[in-house]
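**Q** My questions all concern the structure below.
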Amino acid sequence: MDADTALPSRAPTATTNNPVPPRQPLSLAARAAIATGFVLAGFLGLVGLTLSQANRSRALSALQQRLQNDTIALITNFDVNRFGKLLPPDTLPNPDFSRPGSGLYAIATGDGGYRWESSSAIGRDFTFLKSLEPGESTQLIGPIDTRMGRLYYYSYGVALDTVEKKSVRLTVTVAQTEDQLEGDNAGYRQSLFVWLSILGVMLIVLQFLLLRWSLTPLRKVASDMTRVERGDSEHLDSQYPLELTSLTERINVFIDNEREQRTRYRHTLADLAHSLKTPLAVIRSQLESTAVDDASRRSGVLDQVRRMDDQLSRAATSGRQTFASAVPIAGHAEDLVQSLEKVYAAKNVLCEFDIDEHAVFYGEQGDLLELMGNLLENAFKWASHRVLLVVKAQATTSRQRPGLWLSVEDDGPGIAADKIEKVLQRGVRGDERVQGHGIGLSIVQDIVHAYQGELLVDRSPELGGARFSVTLTPA
Amino acid sequence: MRILLVEDEAPLRETLAARLKRDGFAVDAAQDGEEGIYLGREVPFDLAIIDLGLPKMSGMDLVKALREDGQRYPILILTARGSWQDKVEGLKYGADDYLVKPFHVEELLARINALVRRASGWSKPILACGMIKLDTTAQTVTVEGKLVDLTSYEYKVLEYLMLHAGELVSKADLTEHINQQDFDRDSNVLEVFIGRLRRKLDPEGTLKPIETVRGRGYRFAIPRTDGDDE
């Protein structure tokens, strides 16, 4: 019952379009790309920061160690004479102390206004340094802003004993400008940045490839769905990953249900038509075979019989389907023409074909047979000797079902331009002269309408009679 | 003309049978496929009318079985469903024409005449043998352009002979294919009718259209001149 009501309700939901189409949500790939992009940037940033910090503190402790060593070495080279006068070191632990402007400076201050500076420090202002008590030392201090630039320094205070056991205080400071430290550090940061960037790009590429790979099944489902809609395949029948199987299985069940429902619906209609038509045949044959006094009443009843019959004949058209199978046309057309050639054997009608072998009809096979059968029968009826059937497939994009162009022409009298409208009017009996009730053309129109196609009537350019052409647009 | 009518719907079968008999056909009616196949094999029919929706054995199977059995007479199928699927299938299995229910009885009669005519090699509705012309649609006979007044039975006998012009038609053939109610098989009624027919067609005795083949039957002696299309 559910599916019963679902069938007709599908159409309105499909046609009620919002005036403002809702924006399509971001694609899964874009979501993943944005998310991993942020995570990656944050992660690599933190890694960079941490590594750079660690490097800096390692560099600083190395600097402190070096300055400390230089200080100790300088102190050991200081001497004091017996008058308590401080003697500067004759050798320096690092040649940079002798090179002016090297950025490595040594300053010593002592009791009695003693002051010594390494050659590199001559002329520079180190007045901010304080003297320390013996045994006192600063930690690594800096960077501080001076006129020589940003400086790190380390001071150590000692007392040197003279021969007379007189104690002389000495404070030795070794300072280094920051640019030497920073020089190393900036280089390190730059190469860190380069490597992290390369890593980042590689991760993004890798992530893109992974994403493509893991979204492949979804793309497969979409393309399989297109195949089902195009009628190239009955079901979603590839192998899908576990996460998708419950979805694809349900879609398959849905497709089956729809087909089954449609078949049942059509059979019910056909059975109904069948069960009513025989009684109608009885009524008609009895009315026609027996003398009824009242001729007008008889024709009135016969007219009602005809109307009921027409309605029943038209009831079975099923129309355009979402999950249609592709019905190849050529074989059915040949069957129909063979049948009609048999029936119209006495007329000696020659029927020519021009059928695109790839042409397929997306819909119910019965609808195709009714469409072509009625048009061909009409043509055989009116033709004097020739009928031409042309079927062409219309090229489309791969996602669409190809369209179809089908025309039936004859070399009969044709239909006058001003009569065409009348012929096409529903229920108008365009061909009363020859057998049939003109219902054939109404059925054709019903089918063309149900498949959202177009029926055109004009004169056959080749045969001179009528031409009925049906266009089914790609969908 | 002897016709097999297979239709399960009793009122339709009876009405049609009555109507066909009134038009001078000999009718054997069957109400299901099994009866149809039995009659269809035993009796030399000129035509069969078979409804597709039959109990016991479908009309489609009946058509197939008759053709497989070698029966050559034309078959007209009646279909209530009216779908091209049925029509195409029926014609493929060996039917020669179809009619969709409900149909006009006149239409059925016209189809029967056309099929019988075609089956005996006549393509036009007017059978012409020399001066004698028989119009199967109007059911009239002219000799040298003059209308000959025939009873419906005489017409049927002449039609049968002319359809098989040039062929030997036995007395048994004639009695079997002409409405059986009109005479007693064993009497010499047939000879009487043939004699009357000869006098009406050829009062002067110059044309000699109907030949008696002694002990075997009759032959329509004037060759066909209707100028068949092919």
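Identifiers in the structure tokens: chain A, B, ... in order shown; residue index from 1 per chain; ligand index from 1 in order shown.
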Counting only C-alpha atoms, which residues in chain A sit no more than 8 Å from chain B? For each one, give the nearest pair of atoms and the distance in Å, sorted by chain then residue number, as a tab-separated table.
**A**
```
residue	atom	partner	partner_atom	distance
A:Ala270	CA	B:Arg81	CA	6.6
A:Asp271	CA	B:Arg81	CA	7.9
A:Ala273	CA	B:Arg81	CA	6.6
A:His274	CA	B:Arg81	CA	5.1
A:Ser275	CA	B:Ala80	CA	7.9
A:Lys277	CA	B:Ala80	CA	5.6
A:Thr278	CA	B:Ala80	CA	6.2
A:Leu280	CA	B:Pro102	CA	5.7
A:Ala281	CA	B:Pro102	CA	3.8
A:Val282	CA	B:Leu12	CA	4.7
A:Arg284	CA	B:Pro102	CA	6.7
A:Ser285	CA	B:Val105	CA	6.0
A:Gln286	CA	B:Thr15	CA	6.1
A:Glu288	CA	B:Val105	CA	6.7
A:Ser289	CA	B:Arg19	CA	6.3
A:Asp309	CA	B:Pro102	CA	7.2
A:Ser313	CA	B:Gly82	CA	7.4
A:Asp335	CA	B:Val88	CA	6.5
A:Leu336	CA	B:Val88	CA	6.1
A:Ser339	CA	B:Val88	CA	5.7
A:Lys342	CA	B:Asp96	CA	6.4
A:Val343	CA	B:Asp97	CA	5.2
A:Ala346	CA	B:Ser123	CA	5.6
A:Gly366	CA	B:Gln85	CA	6.8
A:Leu369	CA	B:Trp84	CA	5.8
A:Glu370	CA	B:Trp84	CA	5.8
A:Gly373	CA	B:Trp84	CA	6.3
A:Gln435	CA	B:Glu107	CA	7.4
```
**Q** Store the residues picked out above in a file with C-alpha atoms, as a CSV table (one decimal), in the first residue's frame.
**A**
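result_38.csv was written with the following content:
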```csv
chain,number,residue,atom,x,y,z
A,270,ALA,CA,-4.5,-5.1,-18.6
A,271,ASP,CA,-6.6,-7.7,-16.7
A,273,ALA,CA,-9.3,-4.1,-19.7
A,274,HIS,CA,-9.3,-7.7,-20.8
A,275,SER,CA,-12.2,-8.7,-18.5
A,277,LYS,CA,-13.6,-6.0,-23.3
A,278,THR,CA,-15.2,-9.4,-23.9
A,280,LEU,CA,-18.3,-5.2,-24.6
A,281,ALA,CA,-17.7,-7.5,-27.6
A,282,VAL,CA,-20.8,-9.5,-26.6
A,284,ARG,CA,-21.7,-5.1,-29.6
A,285,SER,CA,-22.1,-8.3,-31.5
A,286,GLN,CA,-25.6,-8.9,-30.2
A,288,GLU,CA,-25.2,-5.5,-34.4
A,289,SER,CA,-26.5,-8.9,-35.2
A,309,ASP,CA,-13.5,0.5,-25.3
A,313,SER,CA,-7.4,0.7,-24.7
A,335,ASP,CA,8.5,-8.0,-35.7
A,336,LEU,CA,5.9,-5.3,-36.1
A,339,SER,CA,3.2,-8.8,-38.7
A,342,LYS,CA,1.2,-10.3,-43.2
A,343,VAL,CA,-2.0,-8.6,-42.3
A,346,ALA,CA,-3.1,-8.0,-50.2
A,366,GLY,CA,4.7,-2.5,-24.2
A,369,LEU,CA,5.2,-1.6,-29.2
A,370,GLU,CA,2.0,0.4,-28.9
A,373,GLY,CA,2.6,-0.5,-33.8
A,435,GLN,CA,-11.1,-0.1,-40.2
```
**Q** Just the residues within 9 Å of stretch 188-204 of chain B, please, counting only C-alpha atoms, with nothing from its chain fewer than 3 positions along; format it as a ChimeraX atom specification.
**A** /B:132,141-143,148-150,153-155,157-158,171,174-175,183-185,207-210
**Q** Please dump the current selection as a CSV table (one decimal), in the first residue's frame; keep N, CA and C atoms.
**A**
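Printed below is selection-v7.csv as written:
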```csv
chain,number,residue,atom,x,y,z
B,132,ILE,N,-17.6,-14.2,-66.2
B,132,ILE,CA,-18.3,-14.4,-64.9
B,132,ILE,C,-17.5,-13.7,-63.8
B,141,VAL,N,-23.2,-11.6,-58.4
B,141,VAL,CA,-22.5,-12.3,-59.5
B,141,VAL,C,-23.1,-11.6,-60.8
B,142,THR,N,-22.1,-11.3,-61.7
B,142,THR,CA,-22.5,-10.8,-63.0
B,142,THR,C,-22.0,-11.7,-64.1
B,143,VAL,N,-22.8,-11.9,-65.2
B,143,VAL,CA,-22.3,-12.6,-66.4
B,143,VAL,C,-22.4,-11.6,-67.5
B,148,VAL,N,-26.8,-11.6,-62.1
B,148,VAL,CA,-27.5,-12.8,-62.0
B,148,VAL,C,-28.1,-13.0,-60.6
B,149,ASP,N,-29.4,-13.3,-60.6
B,149,ASP,CA,-30.1,-13.4,-59.3
B,149,ASP,C,-29.9,-14.8,-58.8
B,150,LEU,N,-29.1,-14.9,-57.6
B,150,LEU,CA,-28.8,-16.2,-57.0
B,150,LEU,C,-29.3,-16.3,-55.6
B,153,TYR,N,-27.6,-19.7,-51.0
B,153,TYR,CA,-26.9,-21.0,-51.1
B,153,TYR,C,-26.2,-21.2,-52.4
B,154,GLU,N,-26.9,-20.8,-53.5
B,154,GLU,CA,-26.3,-20.9,-54.8
B,154,GLU,C,-25.0,-20.1,-54.9
B,155,TYR,N,-25.1,-18.9,-54.3
B,155,TYR,CA,-24.0,-18.0,-54.3
B,155,TYR,C,-22.8,-18.7,-53.6
B,157,VAL,N,-22.1,-21.8,-53.1
B,157,VAL,CA,-21.5,-22.9,-53.9
B,157,VAL,C,-20.7,-22.4,-55.0
B,158,LEU,N,-21.2,-21.3,-55.7
B,158,LEU,CA,-20.4,-20.7,-56.8
B,158,LEU,C,-19.1,-20.1,-56.3
B,171,LYS,N,-17.6,-33.6,-54.2
B,171,LYS,CA,-19.0,-33.4,-53.6
B,171,LYS,C,-18.8,-33.3,-52.1
B,174,LEU,N,-17.6,-29.9,-51.0
B,174,LEU,CA,-18.7,-28.9,-51.1
B,174,LEU,C,-19.7,-29.1,-50.0
B,175,THR,N,-20.1,-30.3,-49.7
B,175,THR,CA,-21.1,-30.4,-48.6
B,175,THR,C,-20.5,-30.1,-47.3
B,183,PHE,N,-29.0,-28.9,-46.5
B,183,PHE,CA,-29.4,-30.1,-47.2
B,183,PHE,C,-28.9,-31.3,-46.5
B,184,ASP,N,-29.4,-32.4,-47.0
B,184,ASP,CA,-29.0,-33.7,-46.4
B,184,ASP,C,-27.9,-34.3,-47.3
B,185,ARG,N,-26.8,-34.6,-46.6
B,185,ARG,CA,-25.6,-35.0,-47.4
B,185,ARG,C,-25.8,-36.1,-48.4
B,207,LEU,N,-21.0,-21.2,-72.3
B,207,LEU,CA,-19.8,-20.9,-71.5
B,207,LEU,C,-19.3,-22.2,-70.8
B,208,LYS,N,-20.2,-23.1,-70.4
B,208,LYS,CA,-19.9,-24.3,-69.7
B,208,LYS,C,-19.0,-24.0,-68.6
B,209,PRO,N,-19.4,-23.2,-67.6
B,209,PRO,CA,-18.5,-22.8,-66.5
B,209,PRO,C,-18.2,-24.0,-65.5
B,210,ILE,N,-19.2,-24.8,-65.3
B,210,ILE,CA,-19.0,-25.9,-64.3
B,210,ILE,C,-18.9,-27.2,-64.9
```
**Q** Could you jot down the atom CA of A:Arg147 to atom CA of A:Ser102 separation for me, Å, one decimal place?
**A**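 Computing it gives 14.6 Å between the two atoms.
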**Q** Could you tell me how far atom CA of B:Asp69 sits from atom CA of B:Arg41, in Å to one decimal place?
**A**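 Here the two named atoms are 7.4 Å from each other.
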